[in-house]
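What follows is the content of structure.pdb, which has PDB, C-alpha atoms:
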```pdb
ATOM      1  CA  MET A   1       7.483 -18.878  44.899  1.00  0.00           C
ATOM      2  CA  LYS A   2       5.246 -20.625  47.386  1.00  0.00           C
ATOM      3  CA  ARG A   3       3.686 -23.873  46.199  1.00  0.00           C
ATOM      4  CA  ILE A   4       1.521 -26.647  47.601  1.00  0.00           C
ATOM      5  CA  TYR A   5       3.439 -29.680  48.821  1.00  0.00           C
ATOM      6  CA  VAL A   6       2.020 -32.944  50.132  1.00  0.00           C
ATOM      7  CA  ASN A   7       3.513 -35.266  52.707  1.00  0.00           C
ATOM      8  CA  GLU A   8       1.835 -38.551  51.823  1.00  0.00           C
ATOM      9  CA  LYS A   9       2.994 -40.113  55.101  1.00  0.00           C
ATOM     10  CA  TRP A  10       0.653 -37.763  56.952  1.00  0.00           C
ATOM     11  CA  CYS A  11      -2.309 -37.916  54.564  1.00  0.00           C
ATOM     12  CA  LEU A  12      -5.276 -39.654  56.170  1.00  0.00           C
ATOM     13  CA  GLY A  13      -7.268 -39.898  52.937  1.00  0.00           C
ATOM     14  CA  CYS A  14     -10.130 -38.004  54.616  1.00  0.00           C
ATOM     15  CA  HIS A  15     -10.899 -35.890  51.501  1.00  0.00           C
ATOM     16  CA  LEU A  16     -11.445 -32.739  53.579  1.00  0.00           C
ATOM     17  CA  CYS A  17      -9.078 -30.838  51.292  1.00  0.00           C
ATOM     18  CA  GLU A  18     -11.447 -31.592  48.407  1.00  0.00           C
ATOM     19  CA  TYR A  19     -14.416 -30.194  50.330  1.00  0.00           C
ATOM     20  CA  TYR A  20     -12.549 -27.053  51.372  1.00  0.00           C
ATOM     21  CA  CYS A  21     -11.421 -26.552  47.765  1.00  0.00           C
ATOM     22  CA  ALA A  22     -14.937 -26.994  46.395  1.00  0.00           C
ATOM     23  CA  PHE A  23     -16.297 -24.572  48.999  1.00  0.00           C
ATOM     24  CA  ALA A  24     -13.604 -21.955  48.332  1.00  0.00           C
ATOM     25  CA  ASN A  25     -14.466 -22.034  44.632  1.00  0.00           C
ATOM     26  CA  SER A  26     -18.241 -22.020  45.139  1.00  0.00           C
ATOM     27  CA  GLY A  27     -18.482 -18.338  45.985  1.00  0.00           C
ATOM     28  CA  ALA A  28     -20.815 -19.154  48.883  1.00  0.00           C
ATOM     29  CA  LYS A  29     -20.442 -17.948  52.464  1.00  0.00           C
ATOM     30  CA  ASN A  30     -21.744 -21.048  54.262  1.00  0.00           C
ATOM     31  CA  MET A  31     -19.988 -24.371  53.632  1.00  0.00           C
ATOM     32  CA  ALA A  32     -22.882 -26.573  54.747  1.00  0.00           C
ATOM     33  CA  LYS A  33     -25.365 -24.791  52.477  1.00  0.00           C
ATOM     34  CA  ALA A  34     -22.960 -24.575  49.545  1.00  0.00           C
ATOM     35  CA  LEU A  35     -22.086 -28.296  49.473  1.00  0.00           C
ATOM     36  CA  ARG A  36     -25.325 -29.826  50.698  1.00  0.00           C
ATOM     37  CA  ASP A  37     -26.821 -32.459  48.390  1.00  0.00           C
ATOM     38  CA  ILE A  38     -24.430 -31.798  45.503  1.00  0.00           C
ATOM     39  CA  THR A  39     -21.557 -33.636  43.873  1.00  0.00           C
ATOM     40  CA  ILE A  40     -18.456 -31.587  44.552  1.00  0.00           C
ATOM     41  CA  HIS A  41     -15.930 -30.716  41.868  1.00  0.00           C
ATOM     42  CA  PRO A  42     -12.703 -29.794  43.676  1.00  0.00           C
ATOM     43  CA  ARG A  43      -9.566 -28.624  41.949  1.00  0.00           C
ATOM     44  CA  ILE A  44      -7.526 -30.966  44.115  1.00  0.00           C
ATOM     45  CA  ARG A  45      -8.172 -34.676  44.470  1.00  0.00           C
ATOM     46  CA  ILE A  46      -7.050 -37.460  46.748  1.00  0.00           C
ATOM     47  CA  GLU A  47      -5.553 -40.564  45.208  1.00  0.00           C
ATOM     48  CA  GLU A  48      -5.828 -43.541  47.507  1.00  0.00           C
ATOM     49  CA  GLY A  49      -3.604 -46.561  47.340  1.00  0.00           C
ATOM     50  CA  ARG A  50      -3.391 -49.613  49.514  1.00  0.00           C
ATOM     51  CA  ASP A  51      -0.649 -48.187  51.719  1.00  0.00           C
ATOM     52  CA  VAL A  52      -0.597 -44.491  50.848  1.00  0.00           C
ATOM     53  CA  SER A  53      -2.938 -41.591  50.067  1.00  0.00           C
ATOM     54  CA  PHE A  54      -1.898 -38.259  48.607  1.00  0.00           C
ATOM     55  CA  ALA A  55      -3.356 -35.100  47.135  1.00  0.00           C
ATOM     56  CA  VAL A  56      -2.938 -34.223  43.452  1.00  0.00           C
ATOM     57  CA  SER A  57      -3.101 -30.580  42.402  1.00  0.00           C
ATOM     58  CA  CYS A  58      -1.438 -28.255  39.935  1.00  0.00           C
ATOM     59  CA  ARG A  59       2.290 -27.892  40.566  1.00  0.00           C
ATOM     60  CA  HIS A  60       2.543 -24.554  38.767  1.00  0.00           C
ATOM     61  CA  CYS A  61       5.524 -25.702  36.732  1.00  0.00           C
ATOM     62  CA  LYS A  62       8.195 -23.237  35.646  1.00  0.00           C
ATOM     63  CA  GLU A  63       7.849 -24.432  32.043  1.00  0.00           C
ATOM     64  CA  PRO A  64       4.270 -25.766  31.942  1.00  0.00           C
ATOM     65  CA  LEU A  65       3.313 -28.028  29.080  1.00  0.00           C
ATOM     66  CA  CYS A  66      -0.348 -27.180  29.635  1.00  0.00           C
ATOM     67  CA  VAL A  67       0.256 -23.480  28.896  1.00  0.00           C
ATOM     68  CA  LYS A  68       2.331 -24.312  25.824  1.00  0.00           C
ATOM     69  CA  SER A  69      -0.352 -26.660  24.501  1.00  0.00           C
ATOM     70  CA  CYS A  70      -3.353 -24.370  25.104  1.00  0.00           C
ATOM     71  CA  ILE A  71      -4.610 -23.412  21.639  1.00  0.00           C
ATOM     72  CA  THR A  72      -6.699 -20.449  22.835  1.00  0.00           C
ATOM     73  CA  GLY A  73      -4.352 -18.943  25.399  1.00  0.00           C
ATOM     74  CA  SER A  74      -6.799 -19.512  28.238  1.00  0.00           C
ATOM     75  CA  LEU A  75      -3.973 -20.855  30.406  1.00  0.00           C
ATOM     76  CA  LYS A  76      -1.233 -18.389  31.270  1.00  0.00           C
ATOM     77  CA  ILE A  77       1.365 -17.704  33.941  1.00  0.00           C
ATOM     78  CA  GLU A  78       0.766 -14.726  36.237  1.00  0.00           C
ATOM     79  CA  ASP A  79       3.317 -14.145  39.002  1.00  0.00           C
ATOM     80  CA  GLY A  80       4.343 -17.815  38.909  1.00  0.00           C
ATOM     81  CA  VAL A  81       0.749 -19.087  39.170  1.00  0.00           C
ATOM     82  CA  ILE A  82      -0.833 -20.844  36.199  1.00  0.00           C
ATOM     83  CA  THR A  83      -4.225 -19.189  35.822  1.00  0.00           C
ATOM     84  CA  PHE A  84      -7.216 -20.114  33.710  1.00  0.00           C
ATOM     85  CA  ASP A  85      -9.602 -17.903  31.721  1.00  0.00           C
ATOM     86  CA  ARG A  86     -12.912 -19.790  31.500  1.00  0.00           C
ATOM     87  CA  GLU A  87     -14.242 -17.490  28.770  1.00  0.00           C
ATOM     88  CA  ARG A  88     -11.427 -18.336  26.351  1.00  0.00           C
ATOM     89  CA  CYS A  89     -11.488 -22.124  26.841  1.00  0.00           C
ATOM     90  CA  VAL A  90     -13.055 -24.151  24.018  1.00  0.00           C
ATOM     91  CA  GLY A  91     -12.876 -27.470  25.841  1.00  0.00           C
ATOM     92  CA  CYS A  92     -10.371 -29.183  23.543  1.00  0.00           C
ATOM     93  CA  TYR A  93      -8.724 -30.789  26.618  1.00  0.00           C
ATOM     94  CA  THR A  94      -5.237 -30.578  25.107  1.00  0.00           C
ATOM     95  CA  CYS A  95      -4.016 -29.235  28.444  1.00  0.00           C
ATOM     96  CA  ILE A  96      -5.438 -32.276  30.240  1.00  0.00           C
ATOM     97  CA  LEU A  97      -3.543 -34.562  27.880  1.00  0.00           C
ATOM     98  CA  SER A  98      -0.302 -32.609  28.232  1.00  0.00           C
ATOM     99  CA  CYS A  99      -0.187 -32.277  32.037  1.00  0.00           C
ATOM    100  CA  PRO A 100       2.264 -34.931  33.292  1.00  0.00           C
ATOM    101  CA  TYR A 101       0.724 -34.824  36.795  1.00  0.00           C
ATOM    102  CA  GLY A 102      -2.958 -35.286  35.934  1.00  0.00           C
ATOM    103  CA  ALA A 103      -3.759 -32.032  37.733  1.00  0.00           C
ATOM    104  CA  ILE A 104      -6.125 -30.539  35.160  1.00  0.00           C
ATOM    105  CA  MET A 105      -9.647 -31.940  35.080  1.00  0.00           C
ATOM    106  CA  PRO A 106     -12.773 -31.541  32.973  1.00  0.00           C
ATOM    107  CA  ALA A 107     -15.323 -29.213  34.547  1.00  0.00           C
ATOM    108  CA  GLU A 108     -19.027 -28.693  34.111  1.00  0.00           C
ATOM    109  CA  GLY A 109     -19.868 -26.752  30.987  1.00  0.00           C
ATOM    110  CA  GLY A 110     -17.264 -28.394  28.745  1.00  0.00           C
ATOM    111  CA  VAL A 111     -14.246 -26.490  30.012  1.00  0.00           C
ATOM    112  CA  ILE A 112     -11.470 -27.394  32.439  1.00  0.00           C
ATOM    113  CA  GLN A 113     -10.646 -26.660  36.038  1.00  0.00           C
ATOM    114  CA  LYS A 114      -7.361 -26.545  37.895  1.00  0.00           C
ATOM    115  CA  CYS A 115      -5.869 -25.264  41.111  1.00  0.00           C
ATOM    116  CA  GLU A 116      -5.021 -21.571  41.060  1.00  0.00           C
ATOM    117  CA  LEU A 117      -3.767 -21.507  44.669  1.00  0.00           C
ATOM    118  CA  CYS A 118      -6.969 -19.705  45.712  1.00  0.00           C
ATOM    119  CA  VAL A 119      -5.507 -16.404  44.470  1.00  0.00           C
ATOM    120  CA  GLN A 120      -8.981 -15.014  43.734  1.00  0.00           C
ATOM    121  CA  ASN A 121     -10.962 -16.331  46.662  1.00  0.00           C
ATOM    122  CA  ALA A 122      -9.046 -17.267  49.807  1.00  0.00           C
ATOM    123  CA  GLY A 123      -6.446 -14.577  50.180  1.00  0.00           C
ATOM    124  CA  GLY A 124      -3.311 -15.856  51.835  1.00  0.00           C
ATOM    125  CA  SER A 125      -3.318 -19.624  52.049  1.00  0.00           C
ATOM    126  CA  PRO A 126      -5.064 -22.098  49.732  1.00  0.00           C
ATOM    127  CA  ALA A 127      -8.262 -23.537  51.225  1.00  0.00           C
ATOM    128  CA  CYS A 128      -7.035 -27.135  50.951  1.00  0.00           C
ATOM    129  CA  VAL A 129      -4.048 -26.305  53.156  1.00  0.00           C
ATOM    130  CA  ALA A 130      -6.200 -24.584  55.759  1.00  0.00           C
ATOM    131  CA  GLY A 131      -8.653 -27.503  55.788  1.00  0.00           C
ATOM    132  CA  CYS A 132      -6.171 -30.360  56.153  1.00  0.00           C
ATOM    133  CA  PRO A 133      -6.578 -31.661  59.723  1.00  0.00           C
ATOM    134  CA  ASN A 134      -3.249 -33.482  59.758  1.00  0.00           C
ATOM    135  CA  LYS A 135      -1.204 -30.738  58.050  1.00  0.00           C
ATOM    136  CA  ALA A 136      -0.267 -33.154  55.273  1.00  0.00           C
ATOM    137  CA  ILE A 137      -0.714 -30.340  52.749  1.00  0.00           C
ATOM    138  CA  VAL A 138       1.502 -27.295  53.172  1.00  0.00           C
ATOM    139  CA  PHE A 139       1.946 -24.030  51.275  1.00  0.00           C
ATOM    140  CA  GLU A 140       5.568 -23.003  51.459  1.00  0.00           C
ATOM    141  CA  GLU A 141       8.665 -21.846  49.656  1.00  0.00           C
ATOM    142  CA  ARG A 142      11.274 -24.529  49.056  1.00  0.00           C
ATOM    143  CA  GLY A 143      14.659 -24.491  47.394  1.00  0.00           C
ATOM    144  CA  GLU A 144      15.194 -25.772  43.876  1.00  0.00           C
ATOM    145  CA  LEU A 145      15.258 -29.546  43.484  1.00  0.00           C
TER     146      LEU A 145
END
```

Re-express the file's structure as structure tokens.
Amino acid sequence: MKRIYVNEKWCLGCHLCEYYCAFANSGAKNMAKALRDITIHPRIRIEEGRDVSFAVSCRHCKEPLCVKSCITGSLKIEDGVITFDRERCVGCYTCILSCPYGAIMPAEGGVIQKCELCVQNAGGSPACVAGCPNKAIVFEERGEL
């Protein structure tokens, strides 16, 4: 299955992936209008260190602890992608506590948000990959580690 991978050596820490993610999940047609004068809430985030920057997003684990810990069943695996049903979430944040990668975040309205590889809105490649100017984020199939 294709997944998002990050090459931290190439990451500039520009945060463009966050903006493209927020725009892709906004439902709007114009990026400038959609993100103007608002605080964005992307499903990917850049962690910046002194010598390295890298993107953190859901890794769509084969045996995800977040899905196992979800008390309402709002997180589930569909075709290898961990998806989220906003209507079922009660905001207990157990999934946030159980994710070893810190890839699930609180969202507005008391629920959570996470990367779903843009399966509902971008069609083809995740928006963060398309928006990375240095190609530090890729969407590809890799062999087992």

**Item:** Hits from the PyMOL selection byres ((chain A and resi 130) around 12), listed as a ChimeraX atom specification
**Value:** /A:4,16-21,24,117-118,122-129,131-139

**Request:** Tell me which residues the PyMOL selection byres ((chain A and resi 103) around 7) grabs here, as a PyMOL selection string.
**Result:** chain A and resi 56-58+99+101-102+104-105+114

Residue selection dump (C-alpha atoms) as a PDB file, in the coordinates of the input:
```pdb
ATOM      1  CA  VAL A  56      -2.938 -34.223  43.452  1.00  0.00           C
ATOM      2  CA  SER A  57      -3.101 -30.580  42.402  1.00  0.00           C
ATOM      3  CA  CYS A  58      -1.438 -28.255  39.935  1.00  0.00           C
ATOM      4  CA  CYS A  99      -0.187 -32.277  32.037  1.00  0.00           C
ATOM      5  CA  TYR A 101       0.724 -34.824  36.795  1.00  0.00           C
ATOM      6  CA  GLY A 102      -2.958 -35.286  35.934  1.00  0.00           C
ATOM      7  CA  ILE A 104      -6.125 -30.539  35.160  1.00  0.00           C
ATOM      8  CA  MET A 105      -9.647 -31.940  35.080  1.00  0.00           C
ATOM      9  CA  LYS A 114      -7.361 -26.545  37.895  1.00  0.00           C
TER      10      LYS A 114
END
```

**Request:** Fewer than 6 positions away in the same chain doesn't count, so skip those; otherwise give me all residues within 9 Å of stretch 89-94 of chain A, counting all atoms listed in the file, as a list in words.
**Result:**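 Everything that qualifies: Cys66, Ser69, Cys70, Ile71, Thr72, Gly73, Ser74, Leu75, Ile104, Met105, Pro106, Gly109, Gly110, Val111 and Ile112 of chain A.
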
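Of note, atom CA of A:Glu47 and atom CA of A:Ala107 are spaced 18.4 Å apart.
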
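You can rank A:Arg142, A:Cys95, A:Val119, A:Phe54 by their closest distance to A:Asp79 using all atoms listed in the file, and at the top of that list sits A:Val119.
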